[in-house]
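Source file: input35.cif. Holds: mmCIF, C-alpha atoms.
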```
data_query
loop_
_atom_site.label_atom_id
_atom_site.label_comp_id
_atom_site.auth_asym_id
_atom_site.auth_seq_id
_atom_site.Cartn_x
_atom_site.Cartn_y
_atom_site.Cartn_z
CA MET A 1 25.71 17.25 -8.15
CA THR A 2 24.42 18.82 -11.33
CA GLY A 3 21.61 20.96 -10.03
CA ARG A 4 21.09 24.42 -11.45
CA ILE A 5 22.58 27.39 -9.70
CA ARG A 6 19.72 29.39 -8.24
CA PRO A 7 19.96 33.12 -7.57
CA ALA A 8 19.83 34.27 -3.99
CA HIS A 9 16.47 34.56 -2.22
CA GLY A 10 14.82 32.18 -4.70
CA THR A 11 14.22 34.84 -7.33
CA SER A 12 15.14 34.38 -10.95
CA PRO A 13 16.92 36.87 -13.22
CA ALA A 14 13.62 37.29 -15.06
CA GLN A 15 11.93 38.31 -11.82
CA HIS A 16 14.71 40.77 -11.07
CA ALA A 17 14.28 42.22 -14.54
CA ALA A 18 10.51 42.45 -13.98
CA VAL A 19 11.07 44.39 -10.77
CA ARG A 20 13.45 46.81 -12.50
CA GLN A 21 10.99 47.41 -15.32
CA ALA A 22 8.13 47.80 -12.88
CA LEU A 23 9.94 50.39 -10.80
CA SER A 24 10.92 52.32 -13.93
CA VAL A 25 7.33 52.47 -15.09
CA VAL A 26 6.07 53.36 -11.62
CA THR A 27 8.52 56.25 -11.46
CA ALA A 28 7.63 57.56 -14.90
CA SER A 29 3.87 57.21 -14.57
CA SER A 30 3.47 58.44 -11.02
CA LEU A 31 5.01 61.81 -11.92
CA TYR A 32 1.81 62.57 -13.76
CA GLY A 33 -0.04 62.30 -10.46
CA VAL A 34 1.47 65.63 -9.50
CA SER A 35 -0.39 67.16 -12.43
CA PHE A 36 -3.62 65.55 -11.33
CA GLY A 37 -3.33 66.82 -7.77
CA ALA A 38 -2.57 70.35 -8.91
CA LEU A 39 -5.30 70.46 -11.56
CA SER A 40 -7.91 68.90 -9.27
CA VAL A 41 -7.46 71.56 -6.62
CA ALA A 42 -7.39 74.24 -9.30
CA SER A 43 -10.71 72.84 -10.58
CA GLY A 44 -12.29 73.45 -7.20
CA LEU A 45 -12.12 70.03 -5.57
CA SER A 46 -11.01 69.76 -1.98
CA VAL A 47 -7.83 68.01 -0.85
CA LEU A 48 -9.88 65.14 0.52
CA HIS A 49 -11.89 64.68 -2.66
CA THR A 50 -8.73 64.76 -4.75
CA CYS A 51 -6.97 62.15 -2.64
CA LEU A 52 -10.09 59.99 -2.52
CA LEU A 53 -10.25 59.91 -6.31
CA SER A 54 -6.63 58.80 -6.60
CA LEU A 55 -7.19 56.09 -4.02
CA LEU A 56 -10.54 54.70 -5.19
CA LEU A 57 -10.95 55.63 -8.84
CA PHE A 58 -7.23 55.02 -9.47
CA SER A 59 -7.37 55.50 -13.23
CA ALA A 60 -5.61 58.56 -14.59
CA GLY A 61 -7.75 59.14 -17.68
CA SER A 62 -11.00 58.81 -15.75
CA GLN A 63 -9.72 61.04 -12.94
CA PHE A 64 -8.77 63.86 -15.30
CA ALA A 65 -12.12 63.56 -17.10
CA LEU A 66 -14.04 63.64 -13.83
CA ILE A 67 -12.38 66.76 -12.48
CA GLY A 68 -13.03 68.39 -15.84
CA ILE A 69 -16.74 67.60 -15.53
CA LEU A 70 -17.03 68.60 -11.89
CA GLY A 71 -14.92 71.71 -12.38
CA GLY A 72 -17.14 72.77 -15.25
CA GLY A 73 -20.32 72.22 -13.25
CA GLY A 74 -21.35 69.17 -15.27
CA THR A 75 -23.36 66.26 -13.91
CA ALA A 76 -22.57 63.42 -16.35
CA VAL A 77 -20.03 61.97 -13.92
CA ALA A 78 -21.01 58.36 -14.70
CA THR A 79 -19.52 58.72 -18.16
CA ALA A 80 -16.01 59.54 -16.93
CA PRO A 81 -15.19 55.96 -15.86
CA LEU A 82 -16.05 54.77 -19.37
CA LEU A 83 -12.64 56.06 -20.38
CA GLY A 84 -11.36 53.07 -18.45
CA ALA A 85 -13.44 50.54 -20.37
CA ARG A 86 -10.24 49.10 -21.82
CA ASN A 87 -9.44 47.80 -18.33
CA SER A 88 -12.04 45.11 -18.95
CA LEU A 89 -9.88 43.84 -21.81
CA TYR A 90 -6.88 43.82 -19.52
CA GLY A 91 -8.82 41.77 -16.98
CA LEU A 92 -9.52 39.14 -19.61
CA GLN A 93 -5.82 38.68 -20.23
CA LEU A 94 -4.64 39.03 -16.64
CA GLY A 95 -7.19 36.52 -15.38
CA LEU A 96 -5.45 33.89 -17.48
CA LEU A 97 -1.88 35.03 -16.92
CA LEU A 98 -2.09 35.46 -13.16
CA GLY A 99 -4.54 32.65 -12.44
CA ALA A 100 -6.66 35.03 -10.40
CA ARG A 101 -9.03 33.19 -8.06
CA GLY A 102 -11.42 34.13 -5.27
CA TRP A 103 -10.83 37.27 -3.23
CA ARG A 104 -7.52 37.95 -4.97
CA ARG A 105 -9.46 38.89 -8.07
CA LEU A 106 -10.98 41.78 -6.13
CA VAL A 107 -7.52 43.15 -5.31
CA ILE A 108 -6.03 42.40 -8.72
CA ALA A 109 -8.97 44.17 -10.37
CA HIS A 110 -8.25 47.39 -8.50
CA LEU A 111 -4.58 47.23 -9.52
CA THR A 112 -5.43 46.53 -13.17
CA LEU A 113 -4.07 49.47 -15.14
CA ASP A 114 -2.27 50.20 -18.39
CA GLU A 115 1.06 50.00 -16.57
CA SER A 116 0.56 46.82 -14.53
CA THR A 117 -0.91 45.00 -17.52
CA ALA A 118 1.89 46.08 -19.84
CA ILE A 119 4.55 44.91 -17.39
CA ALA A 120 2.80 41.59 -16.70
CA VAL A 121 2.18 40.56 -20.30
CA SER A 122 5.69 41.51 -21.40
CA GLN A 123 7.43 39.09 -19.02
CA PRO A 124 8.76 35.71 -20.21
CA GLY A 125 7.54 33.45 -17.39
CA GLU A 126 4.73 32.98 -14.91
CA GLY A 127 6.78 34.02 -11.88
CA ALA A 128 8.07 37.16 -13.54
CA ARG A 129 4.55 38.07 -14.68
CA ARG A 130 3.22 37.83 -11.14
CA VAL A 131 6.12 39.79 -9.67
CA GLY A 132 5.89 42.42 -12.39
CA PHE A 133 2.15 42.88 -11.92
CA TRP A 134 2.22 43.14 -8.14
CA VAL A 135 5.25 45.43 -7.96
CA THR A 136 3.79 47.71 -10.60
CA GLY A 137 0.26 47.70 -9.20
CA ILE A 138 1.13 48.23 -5.55
CA GLY A 139 4.02 50.54 -6.38
CA LEU A 140 1.87 52.72 -8.56
CA LEU A 141 -0.97 52.78 -6.03
CA LEU A 142 1.43 54.16 -3.44
CA ALA A 143 3.40 56.46 -5.75
CA TRP A 144 0.34 57.81 -7.57
CA ASN A 145 -1.34 58.77 -4.31
CA LEU A 146 1.82 60.34 -2.92
CA ALA A 147 2.31 62.26 -6.14
CA THR A 148 -1.30 63.41 -6.04
CA PHE A 149 -0.82 64.69 -2.51
CA ALA A 150 2.39 66.44 -3.55
CA GLY A 151 0.53 68.07 -6.43
CA VAL A 152 -2.22 69.21 -4.07
CA LEU A 153 0.28 70.79 -1.71
CA GLY A 154 2.52 72.30 -4.36
CA GLY A 155 -0.04 73.06 -7.01
CA ASN A 156 -0.01 76.78 -6.58
CA ALA A 157 3.77 76.94 -6.52
CA MET A 158 4.13 74.80 -9.62
CA GLY A 159 2.02 76.87 -11.97
CA ASP A 160 0.80 75.05 -15.09
CA PRO A 161 1.83 71.37 -14.70
CA LYS A 162 1.83 70.84 -18.46
CA GLN A 163 4.90 73.01 -18.86
CA TYR A 164 6.99 70.25 -17.25
CA GLY A 165 5.94 67.64 -19.81
CA LEU A 166 5.11 65.08 -17.14
CA ASP A 167 2.53 63.43 -19.39
CA ALA A 168 5.29 62.48 -21.85
CA ALA A 169 7.11 60.39 -19.23
CA ALA A 170 4.39 57.73 -19.12
CA SER A 171 4.21 57.51 -22.91
CA ALA A 172 7.98 57.09 -23.12
CA ALA A 173 7.82 54.28 -20.59
CA PHE A 174 5.19 52.44 -22.64
CA ILE A 175 7.23 52.74 -25.82
CA ALA A 176 10.26 51.35 -23.99
CA LEU A 177 8.16 48.36 -22.91
CA LEU A 178 6.76 47.80 -26.38
CA TRP A 179 9.99 48.11 -28.32
CA PRO A 180 11.57 44.69 -27.48
CA HIS A 181 8.41 42.94 -28.75
CA LEU A 182 8.58 44.43 -32.23
CA ARG A 183 10.76 41.67 -33.65
CA ALA A 184 8.23 39.86 -35.83
CA ARG A 185 5.99 41.06 -38.62
CA GLN A 186 2.70 40.52 -36.83
CA PRO A 187 3.36 42.69 -33.75
CA VAL A 188 4.92 45.35 -35.96
CA ALA A 189 1.81 45.34 -38.16
CA VAL A 190 -0.46 45.53 -35.11
CA ALA A 191 1.57 48.40 -33.66
CA ILE A 192 1.53 50.36 -36.93
CA ILE A 193 -2.20 49.86 -37.48
CA ALA A 194 -3.00 50.84 -33.90
CA ALA A 195 -0.77 53.91 -34.07
CA VAL A 196 -2.26 55.07 -37.37
CA ILE A 197 -5.84 54.61 -36.13
CA THR A 198 -5.10 56.45 -32.91
CA ALA A 199 -3.37 59.31 -34.73
CA MET A 200 -6.33 59.67 -37.09
CA LEU A 201 -8.96 59.69 -34.34
CA VAL A 202 -7.28 61.42 -31.45
CA GLN A 203 -8.12 64.95 -32.57
CA ALA A 204 -11.71 64.27 -33.62
CA PHE A 205 -13.03 61.90 -30.95
CA PRO A 206 -13.30 62.09 -27.17
CA GLN A 207 -10.43 60.76 -25.10
CA GLY A 208 -10.68 57.01 -24.53
CA LEU A 209 -12.47 56.08 -27.73
CA PRO A 210 -9.41 56.12 -30.08
CA VAL A 211 -7.58 53.54 -27.99
CA LEU A 212 -10.57 51.18 -28.13
CA VAL A 213 -10.92 51.55 -31.88
CA ALA A 214 -7.17 50.97 -32.20
CA ALA A 215 -7.58 47.82 -30.12
CA LEU A 216 -10.29 46.68 -32.50
CA GLY A 217 -7.95 47.29 -35.44
CA GLY A 218 -5.19 45.33 -33.72
CA ALA A 219 -7.56 42.47 -32.95
CA LEU A 220 -8.67 42.31 -36.57
CA VAL A 221 -5.06 42.25 -37.80
CA THR A 222 -4.29 39.43 -35.38
CA TRP A 223 -7.44 37.58 -36.37
CA PHE A 224 -6.73 37.61 -40.10
CA TRP A 225 -2.93 37.39 -39.96
CA PRO A 226 -2.45 33.57 -39.96
CA THR A 227 -4.80 33.17 -42.96
CA ALA A 228 -2.99 35.85 -44.93
CA THR A 229 0.37 34.24 -44.15
CA ARG A 230 -0.77 30.85 -45.35
CA GLN A 231 -2.15 32.28 -48.56
CA ARG A 232 1.05 34.14 -49.32
CA SER A 233 3.51 31.35 -48.56
CA PRO A 234 1.94 27.96 -49.34
CA LYS A 235 5.35 26.28 -49.60
CA SER A 236 5.94 26.80 -45.91
CA SER A 237 3.05 24.53 -44.92
CA ARG A 238 4.03 21.17 -43.50
CA PRO A 239 2.36 17.84 -44.31
CA MET B 1 -24.83 66.43 -7.27
CA SER B 2 -22.61 66.12 -4.26
CA THR B 3 -18.92 65.79 -5.03
CA TRP B 4 -18.81 62.90 -2.60
CA ILE B 5 -21.48 60.99 -4.47
CA ALA B 6 -19.84 61.79 -7.81
CA ALA B 7 -16.44 60.54 -6.67
CA ILE B 8 -17.81 57.33 -5.15
CA ALA B 9 -20.13 56.61 -8.07
CA ALA B 10 -17.36 57.13 -10.63
CA SER B 11 -15.01 54.92 -8.59
CA ALA B 12 -17.60 52.16 -8.36
CA ILE B 13 -18.25 52.20 -12.11
CA ALA B 14 -14.52 52.17 -12.91
CA TYR B 15 -14.02 49.24 -10.54
CA ALA B 16 -16.92 47.39 -12.11
CA PHE B 17 -15.25 47.74 -15.52
CA LYS B 18 -12.02 46.32 -14.14
CA LEU B 19 -13.74 43.45 -12.36
CA ALA B 20 -15.86 42.58 -15.40
CA GLY B 21 -12.76 41.47 -17.28
CA PHE B 22 -12.07 38.82 -14.66
CA ALA B 23 -15.66 37.60 -14.72
CA ILE B 24 -15.83 37.07 -18.47
CA PRO B 25 -15.23 33.42 -19.44
CA SER B 26 -11.76 32.84 -20.87
CA ARG B 27 -13.18 31.15 -23.96
CA TRP B 28 -14.33 34.61 -25.08
CA LEU B 29 -10.69 35.27 -25.83
CA GLU B 30 -11.13 33.04 -28.86
CA ARG B 31 -13.17 35.89 -30.31
CA PRO B 32 -11.31 38.92 -28.98
CA PHE B 33 -12.68 41.36 -31.52
CA LEU B 34 -16.27 40.66 -30.37
CA VAL B 35 -15.32 41.71 -26.86
CA VAL B 36 -13.62 44.82 -28.21
CA VAL B 37 -16.63 45.68 -30.34
CA ILE B 38 -19.00 45.39 -27.37
CA LEU B 39 -16.76 47.52 -25.18
CA ALA B 40 -16.16 50.06 -27.93
CA ALA B 41 -19.90 50.42 -28.56
CA ALA B 42 -20.66 50.86 -24.87
CA SER B 43 -17.84 53.33 -24.47
CA ALA B 44 -18.78 55.31 -27.55
CA ALA B 45 -22.28 55.83 -26.20
CA GLY B 46 -20.97 56.99 -22.87
CA LEU B 47 -18.22 59.15 -24.31
CA ARG B 48 -20.68 60.86 -26.60
CA ALA B 49 -22.72 61.78 -23.57
CA LEU B 50 -19.50 62.89 -21.92
CA SER B 51 -18.72 65.28 -24.73
CA TRP B 52 -22.21 66.76 -24.42
CA HIS B 53 -22.22 67.27 -20.68
#
```
Serialized structure, structure tokens:
Amino acid sequence: MTGRIRPAHGTSPAQHAAVRQALSVVTASSLYGVSFGALSVASGLSVLHTCLLSLLLFSAGSQFALIGILGGGGTAVATAPLLGARNSLYGLQLGLLLGARGWRRLVIAHLTLDESTAIAVSQPGEGARRVGFWVTGIGLLLAWNLATFAGVLGGNAMGDPKQYGLDAAASAAFIALLWPHLRARQPVAVAIIAAVITAMLVQAFPQGLPVLVAALGGALVTWFWPTATRQRSPKSSRP
Amino acid sequence: MSTWIAAIAASAIAYAFKLAGFAIPSRWLERPFLVVVILAAASAAGLRALSWH
């Protein structure tokens, strides 16, 4: 008998790795929910409104923008979700990777975030992508809402949430996810271009726009990269 | 505007953005920068309004 040795419970090492990565990202990103809960209450929103936003809006950037608008007495609330316009791009990719069909698309759409997309697209196989997406999406939905509630309850005791640097935890998690993929020239070029564009725009433009412009820059690099490679190294072309 | 209406309206718009990605035909991925341009233009308009609220 020469069959392959399968890990226990029918899960592959890649799926185990996806779960570990997912839980790491969930832990790092959900900490920021404490900041949201505390700031939301400090902005004048009730406990119920704050928790409702984390449950239904479920998009950190949009949530922070919305409480800023409502706390300042503004009315342009419809513009806050535009910060999450990049989620449409994620849906394009996830629809293909996860084979989303029927009612599952409705659930997957709600769980489509920076974190769940990053985990899913960074996995080597279909099974690991699915496991990574669902563990991250559901895990973050639970953890983000619990963290929000904790922030609501402990907001006054915490003081200024920014002093703890909780926002840096999510960024660190994303860099850790990105790093293993920077082994070829094209992804390195895309990462550098995107980082430079974001750094140039982040101080001058509203939150949310720099990341979309950086995505455009990355798409353009990807689009023109094969042509540039062929022009530079004609000897590498095969008959 | 009621905070309830604001929260629900913002949630509905955010969800519509997420769902839109799954409704776009996959062949659009052959021209990814067009999708990015459209989204960036729409977002820029909204974000400009956001900064003026």
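Under the PyMOL selection byres ((chain A and resi 91) around 7), the matching residues in the shown file are Asn87, Ser88, Leu89, Tyr90, Leu92, Gln93, Leu94, Gly95 and Thr112 of chain A; Lys18, Leu19, Gly21 and Phe22 of chain B.
Of the residues under consideration (A:Val34, A:Ala215, A:Ala194, A:Ala176), A:Ala176 shows the shortest atom-to-atom contact distance to Ser122 of chain A when counting only C-alpha atoms.
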So that I can see what lies close to Gln123 of chain A, please list as a PDB file with C-alpha atoms, keeping the file's coordinate frame the residues with an atom at most 12 Å from it, counting only C-alpha atoms and leaving out residues fewer than 3 positions away in the same chain.
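What landed in result29.pdb:
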```pdb
ATOM      1  CA  PRO A  13      16.920  36.870 -13.220  1.00  0.00           C
ATOM      2  CA  ALA A  14      13.620  37.290 -15.060  1.00  0.00           C
ATOM      3  CA  GLN A  15      11.930  38.310 -11.820  1.00  0.00           C
ATOM      4  CA  HIS A  16      14.710  40.770 -11.070  1.00  0.00           C
ATOM      5  CA  ALA A  17      14.280  42.220 -14.540  1.00  0.00           C
ATOM      6  CA  ALA A  18      10.510  42.450 -13.980  1.00  0.00           C
ATOM      7  CA  VAL A  19      11.070  44.390 -10.770  1.00  0.00           C
ATOM      8  CA  ARG A  20      13.450  46.810 -12.500  1.00  0.00           C
ATOM      9  CA  GLN A  21      10.990  47.410 -15.320  1.00  0.00           C
ATOM     10  CA  ALA A  22       8.130  47.800 -12.880  1.00  0.00           C
ATOM     11  CA  LEU A  97      -1.880  35.030 -16.920  1.00  0.00           C
ATOM     12  CA  LEU A  98      -2.090  35.460 -13.160  1.00  0.00           C
ATOM     13  CA  SER A 116       0.560  46.820 -14.530  1.00  0.00           C
ATOM     14  CA  THR A 117      -0.910  45.000 -17.520  1.00  0.00           C
ATOM     15  CA  ALA A 118       1.890  46.080 -19.840  1.00  0.00           C
ATOM     16  CA  ILE A 119       4.550  44.910 -17.390  1.00  0.00           C
ATOM     17  CA  ALA A 120       2.800  41.590 -16.700  1.00  0.00           C
ATOM     18  CA  GLU A 126       4.730  32.980 -14.910  1.00  0.00           C
ATOM     19  CA  GLY A 127       6.780  34.020 -11.880  1.00  0.00           C
ATOM     20  CA  ALA A 128       8.070  37.160 -13.540  1.00  0.00           C
ATOM     21  CA  ARG A 129       4.550  38.070 -14.680  1.00  0.00           C
ATOM     22  CA  ARG A 130       3.220  37.830 -11.140  1.00  0.00           C
ATOM     23  CA  VAL A 131       6.120  39.790  -9.670  1.00  0.00           C
ATOM     24  CA  GLY A 132       5.890  42.420 -12.390  1.00  0.00           C
ATOM     25  CA  PHE A 133       2.150  42.880 -11.920  1.00  0.00           C
ATOM     26  CA  LEU A 177       8.160  48.360 -22.910  1.00  0.00           C
ATOM     27  CA  LEU A 178       6.760  47.800 -26.380  1.00  0.00           C
ATOM     28  CA  PRO A 180      11.570  44.690 -27.480  1.00  0.00           C
ATOM     29  CA  HIS A 181       8.410  42.940 -28.750  1.00  0.00           C
TER      30      HIS A 181
END
```
Distance in Å - atom CA of Gly99 of chain A versus atom CA of Ala12 of chain B: 23.8 Å
Residues near Val152 of chain A, anyone? I mean within 10 Å using all atoms listed in the file, not counting same-chain ones fewer than 4 positions away, as a PyMOL selection string. chain A and resi 33-42+46-48+50-51+146-148+156
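Point (-1.1, 44.5, -39.3) has the following residues at most 10 Å away: Arg185, Gln186, Pro187, Val188, Ala189, Val190, Ala191, Ile192, Ile193, Ala194, Gly217, Gly218, Ala219, Leu220, Val221, Thr222, Trp223, Phe224 and Trp225 of chain A (atoms considered: only C-alpha atoms).
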Write the selection just made, keeping C-alpha atoms, as a CSV table (one decimal), keeping the file's coordinate frame?
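Saved file part.csv follows:
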```csv
chain,number,residue,atom,x,y,z
A,185,ARG,CA,6.0,41.1,-38.6
A,186,GLN,CA,2.7,40.5,-36.8
A,187,PRO,CA,3.4,42.7,-33.8
A,188,VAL,CA,4.9,45.4,-36.0
A,189,ALA,CA,1.8,45.3,-38.2
A,190,VAL,CA,-0.5,45.5,-35.1
A,191,ALA,CA,1.6,48.4,-33.7
A,192,ILE,CA,1.5,50.4,-36.9
A,193,ILE,CA,-2.2,49.9,-37.5
A,194,ALA,CA,-3.0,50.8,-33.9
A,217,GLY,CA,-8.0,47.3,-35.4
A,218,GLY,CA,-5.2,45.3,-33.7
A,219,ALA,CA,-7.6,42.5,-33.0
A,220,LEU,CA,-8.7,42.3,-36.6
A,221,VAL,CA,-5.1,42.2,-37.8
A,222,THR,CA,-4.3,39.4,-35.4
A,223,TRP,CA,-7.4,37.6,-36.4
A,224,PHE,CA,-6.7,37.6,-40.1
A,225,TRP,CA,-2.9,37.4,-40.0
```
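Atom CA of Leu209 of chain A is positioned 13.0 Å from atom CA of Ala65 of chain A.
Across the model, the gap from atom CA of Leu57 of chain A to atom CA of Ala214 of chain A is 24.1 Å.
Using all atoms listed in the file, the nearest neighbour of chain A within the list B:Ser11, B:Pro25, B:Ala16, B:Trp4 is B:Ser11.
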Excluding Thr3 of chain B and residues on its chain fewer than 3 positions from it, collect all residues at most 8 Å away from it, counting all atoms listed in the file, and give them as a list in words. His49 and Leu70 of chain A; Ala6 and Ala7 of chain B
I'd like to know which of A:Ala109, A:Ala143, A:Ala184, A:Val211 is closest to chain B, using all atoms listed in the file. A:Ala109
If you apply the PyMOL selection byres ((chain B and resi 14) around 12) to this file, what residues do you get, as a PyMOL selection string? (chain A and resi 53+56-63+66+77-88+109-113) or (chain B and resi 7-13+15-21)
Could the residues in this selection be written to a file with C-alpha atoms, as an mmCIF file, keeping the file's coordinate frame?
```cif
data_model
loop_
_atom_site.group_PDB
_atom_site.id
_atom_site.type_symbol
_atom_site.label_atom_id
_atom_site.label_comp_id
_atom_site.auth_asym_id
_atom_site.auth_seq_id
_atom_site.Cartn_x
_atom_site.Cartn_y
_atom_site.Cartn_z
ATOM 1 C CA LEU A 53 -10.250 59.910 -6.310
ATOM 2 C CA LEU A 56 -10.540 54.700 -5.190
ATOM 3 C CA LEU A 57 -10.950 55.630 -8.840
ATOM 4 C CA PHE A 58 -7.230 55.020 -9.470
ATOM 5 C CA SER A 59 -7.370 55.500 -13.230
ATOM 6 C CA ALA A 60 -5.610 58.560 -14.590
ATOM 7 C CA GLY A 61 -7.750 59.140 -17.680
ATOM 8 C CA SER A 62 -11.000 58.810 -15.750
ATOM 9 C CA GLN A 63 -9.720 61.040 -12.940
ATOM 10 C CA LEU A 66 -14.040 63.640 -13.830
ATOM 11 C CA VAL A 77 -20.030 61.970 -13.920
ATOM 12 C CA ALA A 78 -21.010 58.360 -14.700
ATOM 13 C CA THR A 79 -19.520 58.720 -18.160
ATOM 14 C CA ALA A 80 -16.010 59.540 -16.930
ATOM 15 C CA PRO A 81 -15.190 55.960 -15.860
ATOM 16 C CA LEU A 82 -16.050 54.770 -19.370
ATOM 17 C CA LEU A 83 -12.640 56.060 -20.380
ATOM 18 C CA GLY A 84 -11.360 53.070 -18.450
ATOM 19 C CA ALA A 85 -13.440 50.540 -20.370
ATOM 20 C CA ARG A 86 -10.240 49.100 -21.820
ATOM 21 C CA ASN A 87 -9.440 47.800 -18.330
ATOM 22 C CA SER A 88 -12.040 45.110 -18.950
ATOM 23 C CA ALA A 109 -8.970 44.170 -10.370
ATOM 24 C CA HIS A 110 -8.250 47.390 -8.500
ATOM 25 C CA LEU A 111 -4.580 47.230 -9.520
ATOM 26 C CA THR A 112 -5.430 46.530 -13.170
ATOM 27 C CA LEU A 113 -4.070 49.470 -15.140
ATOM 28 C CA ALA B 7 -16.440 60.540 -6.670
ATOM 29 C CA ILE B 8 -17.810 57.330 -5.150
ATOM 30 C CA ALA B 9 -20.130 56.610 -8.070
ATOM 31 C CA ALA B 10 -17.360 57.130 -10.630
ATOM 32 C CA SER B 11 -15.010 54.920 -8.590
ATOM 33 C CA ALA B 12 -17.600 52.160 -8.360
ATOM 34 C CA ILE B 13 -18.250 52.200 -12.110
ATOM 35 C CA TYR B 15 -14.020 49.240 -10.540
ATOM 36 C CA ALA B 16 -16.920 47.390 -12.110
ATOM 37 C CA PHE B 17 -15.250 47.740 -15.520
ATOM 38 C CA LYS B 18 -12.020 46.320 -14.140
ATOM 39 C CA LEU B 19 -13.740 43.450 -12.360
ATOM 40 C CA ALA B 20 -15.860 42.580 -15.400
ATOM 41 C CA GLY B 21 -12.760 41.470 -17.280
#
```
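Distances to Leu23 of chain A were evaluated for A:Leu96, A:Ala173, A:Ile69, A:Val121 using all atoms listed in the file, and the minimum falls at A:Ala173.
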